[in-house]
Amino acid sequence: MATLNETMWSWKDYASQQDPDGMAARVIDIMSEENAIVEDMYVMPGNKDYGLLTSQNATEPTVSIRGVNGTVTGTKGAFKQLEAHCALFTALGQIDKELYNAATDKNGFRANANKPFFNAMPKRIANELFYGSKANDAQSFDGLSQFYKSTTTDEFGEYVALAGGTGTDNRSIWLIDWGEDSCCGTYPKNTVAGLQHTPYPETLVDMPDGSKWPALQDLWEWRVGVAVRDYRKVYRIANISKAALKSINTTNDTAPNLFDLMIDALTWVNPSPRARFYGDRNIMSAFTKQAFNKSNNLVSMEEIYGKKRVPSFMGVPIRRCDALDTDESLVS
């Protein structure tokens, strides 16, 4: 008889989320992360099965000054097409029907079993939005780092700044001005945006050895990609040394001036009200420390989406994104 592996629920898992009265316990997800980019992203439907095909100005027409009785030569602008691909993020939850039947609070038990997917899905999507690469995974899409990867890249390179880090513990701050004509999320045509949940009734699950076991299954799906329709609406501050950030307020403070770098980003992007800064918890902590060390009124706390207050720099909210809490290679 086949043995169920660690992806399947056991009696131990069942017991760990039951209150003494047999009701489903309120589960606190200590693995929970914040990935605000998924919440902030402007999303529009694609026009292709795989995502979004759009056009962008490549060159402008020539404008000349004509004198009286002078002539003018006909010119035109040129366009290029951009393809934004989408990925289908999926996860499948399975619980043995015996555990489900044994639960006093059956709906609560099943809900608790599926609660981790609410964190796992945005976490994976946020990671792909920044670091996804079709070259590494043909089923994924190119994230923002594939475009803003060097200061010498055509067009995009002007919107990459270097913060002085030289090691391998680098972080980035991103400024993204979300919008239909700037930078947006997308999903394939004839599909639905956001997280989709399909609960399945009891079924028999096939095992590799041909045996079966009775289970209830929950399928989770999210179709999404990112389209940079105007490269001037995204700015990356790269090479921010994590070690240097930790040195703030010490006798050997080598941290870059985040305020100066963020002012540069705002100047280049000329943001709309939908713009957001993104950084990991190291960036958020360092920004707050530097703010306390300066006497200025550029930093404030703003209410966002009518439910919470977040730090804001020159009117642009700063959002925590734990997907950025990863060591980045040096950008040049």
# chains A, B, ... in the order shown; residues from 1 in each chain; ligands from 1
$ closest_atom_pairs --of "stretch 45-147 of chain A" --to "stretch 192-212 of chain A" --cutoff "12 Å" --atoms "only C-alpha atoms" --output "tab-separated table"
residue	atom	partner	partner_atom	distance
A:Pro45	CA	A:Ala193	CA	7.7
A:Gly46	CA	A:Ala193	CA	10.3
A:Gly51	CA	A:Ala193	CA	11.9
A:Cys86	CA	A:Ala193	CA	11.5
A:Leu88	CA	A:Leu195	CA	10.6
A:Phe89	CA	A:Leu195	CA	9.3
A:Thr90	CA	A:Gln196	CA	9.5
A:Ala91	CA	A:His197	CA	9.8
A:Leu92	CA	A:Thr198	CA	9.7
A:Gly93	CA	A:Pro199	CA	9.3
A:Gln94	CA	A:Val205	CA	9.3
A:Ile95	CA	A:Glu202	CA	9.6
A:Asp96	CA	A:Glu202	CA	8.9
A:Lys97	CA	A:Glu202	CA	6.9
A:Glu98	CA	A:Glu202	CA	10.5
A:Tyr100	CA	A:Glu202	CA	10.1
A:Asn101	CA	A:Glu202	CA	10.9
A:Asn107	CA	A:Pro199	CA	11.6
A:Arg110	CA	A:Pro199	CA	10.0
A:Ala111	CA	A:Pro199	CA	10.7
A:Asn114	CA	A:His197	CA	10.1
A:Lys115	CA	A:His197	CA	11.7
A:Phe117	CA	A:Leu195	CA	9.9
A:Phe118	CA	A:Leu195	CA	8.7
A:Asn119	CA	A:Leu195	CA	11.3
A:Ala120	CA	A:Leu195	CA	11.4
A:Met121	CA	A:Leu195	CA	8.2
A:Pro122	CA	A:Leu195	CA	9.1
A:Ile125	CA	A:Leu195	CA	10.9
$ select_by_dssp --residues "stretch 245-286 of chain A" --states "helix (DSSP H, G or I)" --output "VMD selection string"
chain A and resid 245 to 246 258 to 269 281 to 286
$ write_last_selection --atoms "N, CA and C atoms" --output "short mmCIF file (atom, residue, chain, number, x, y, z; two decimals), in the first residue's frame"
data_model
loop_
_atom_site.label_atom_id
_atom_site.label_comp_id
_atom_site.auth_asym_id
_atom_site.auth_seq_id
_atom_site.Cartn_x
_atom_site.Cartn_y
_atom_site.Cartn_z
N LEU A 245 23.21 49.12 5.04
CA LEU A 245 21.98 49.58 5.68
C LEU A 245 22.01 49.31 7.18
N LYS A 246 22.60 48.18 7.55
CA LYS A 246 22.69 47.82 8.97
C LYS A 246 23.63 48.75 9.74
N LEU A 258 19.24 57.29 1.01
CA LEU A 258 18.05 56.82 0.30
C LEU A 258 17.19 57.98 -0.17
N PHE A 259 17.17 59.08 0.60
CA PHE A 259 16.36 60.23 0.24
C PHE A 259 16.81 60.81 -1.10
N ASP A 260 18.11 60.99 -1.28
CA ASP A 260 18.62 61.55 -2.53
C ASP A 260 18.29 60.64 -3.71
N LEU A 261 18.47 59.35 -3.52
CA LEU A 261 18.20 58.39 -4.59
C LEU A 261 16.72 58.36 -4.96
N MET A 262 15.86 58.46 -3.96
CA MET A 262 14.42 58.44 -4.22
C MET A 262 13.94 59.73 -4.86
N ILE A 263 14.59 60.85 -4.54
CA ILE A 263 14.27 62.11 -5.22
C ILE A 263 14.62 62.01 -6.71
N ASP A 264 15.77 61.40 -7.01
CA ASP A 264 16.15 61.19 -8.41
C ASP A 264 15.09 60.35 -9.12
N ALA A 265 14.63 59.28 -8.46
CA ALA A 265 13.63 58.41 -9.07
C ALA A 265 12.34 59.18 -9.39
N LEU A 266 11.90 60.00 -8.45
CA LEU A 266 10.67 60.77 -8.65
C LEU A 266 10.84 61.78 -9.77
N THR A 267 12.03 62.37 -9.87
CA THR A 267 12.29 63.35 -10.91
C THR A 267 12.22 62.72 -12.30
N TRP A 268 12.77 61.53 -12.44
CA TRP A 268 12.78 60.86 -13.73
C TRP A 268 11.40 60.34 -14.12
N VAL A 269 10.66 59.83 -13.16
CA VAL A 269 9.38 59.18 -13.47
C VAL A 269 8.23 60.18 -13.57
N ARG A 281 11.93 44.64 4.04
CA ARG A 281 11.91 45.14 5.42
C ARG A 281 13.22 45.84 5.79
N ASN A 282 14.35 45.46 5.16
CA ASN A 282 15.61 46.15 5.42
C ASN A 282 15.56 47.59 4.91
N ILE A 283 14.99 47.76 3.74
CA ILE A 283 14.84 49.10 3.16
C ILE A 283 13.90 49.94 4.02
N MET A 284 12.77 49.34 4.42
CA MET A 284 11.79 50.08 5.22
C MET A 284 12.40 50.56 6.53
N SER A 285 13.16 49.68 7.17
CA SER A 285 13.80 50.03 8.44
C SER A 285 14.84 51.13 8.24
N ALA A 286 15.66 50.99 7.20
CA ALA A 286 16.70 51.98 6.94
C ALA A 286 16.10 53.34 6.60
#
$ atom_distance --atom1 "atom CA of A:Leu162" --atom2 "atom CA of A:Asp325"
17.6 Å
$ atom_distance --atom1 "atom CA of A:Ser312" --atom2 "atom CA of A:Phe287"
10.6 Å
$ residues_around --residues "A:Arg236" --least-positions-apart "2" --cutoff "6 Å" --atoms "only C-alpha atoms" --output "compact mmCIF listing (two decimals) with N, CA and C atoms, in the first residue's frame"
# COMPACT_ATOMS: atom_id res chain seq x y z
N VAL A 160 17.78 53.10 -14.33
CA VAL A 160 18.45 52.27 -13.33
C VAL A 160 19.54 53.10 -12.67
N ILE A 173 15.33 49.26 -4.50
CA ILE A 173 14.09 50.00 -4.31
C ILE A 173 13.51 50.23 -5.71
N TRP A 174 12.23 49.95 -5.84
CA TRP A 174 11.55 50.16 -7.11
C TRP A 174 10.51 51.26 -6.97
N ALA A 238 19.30 50.18 -7.62
CA ALA A 238 19.93 48.88 -7.39
C ALA A 238 21.23 49.02 -6.59
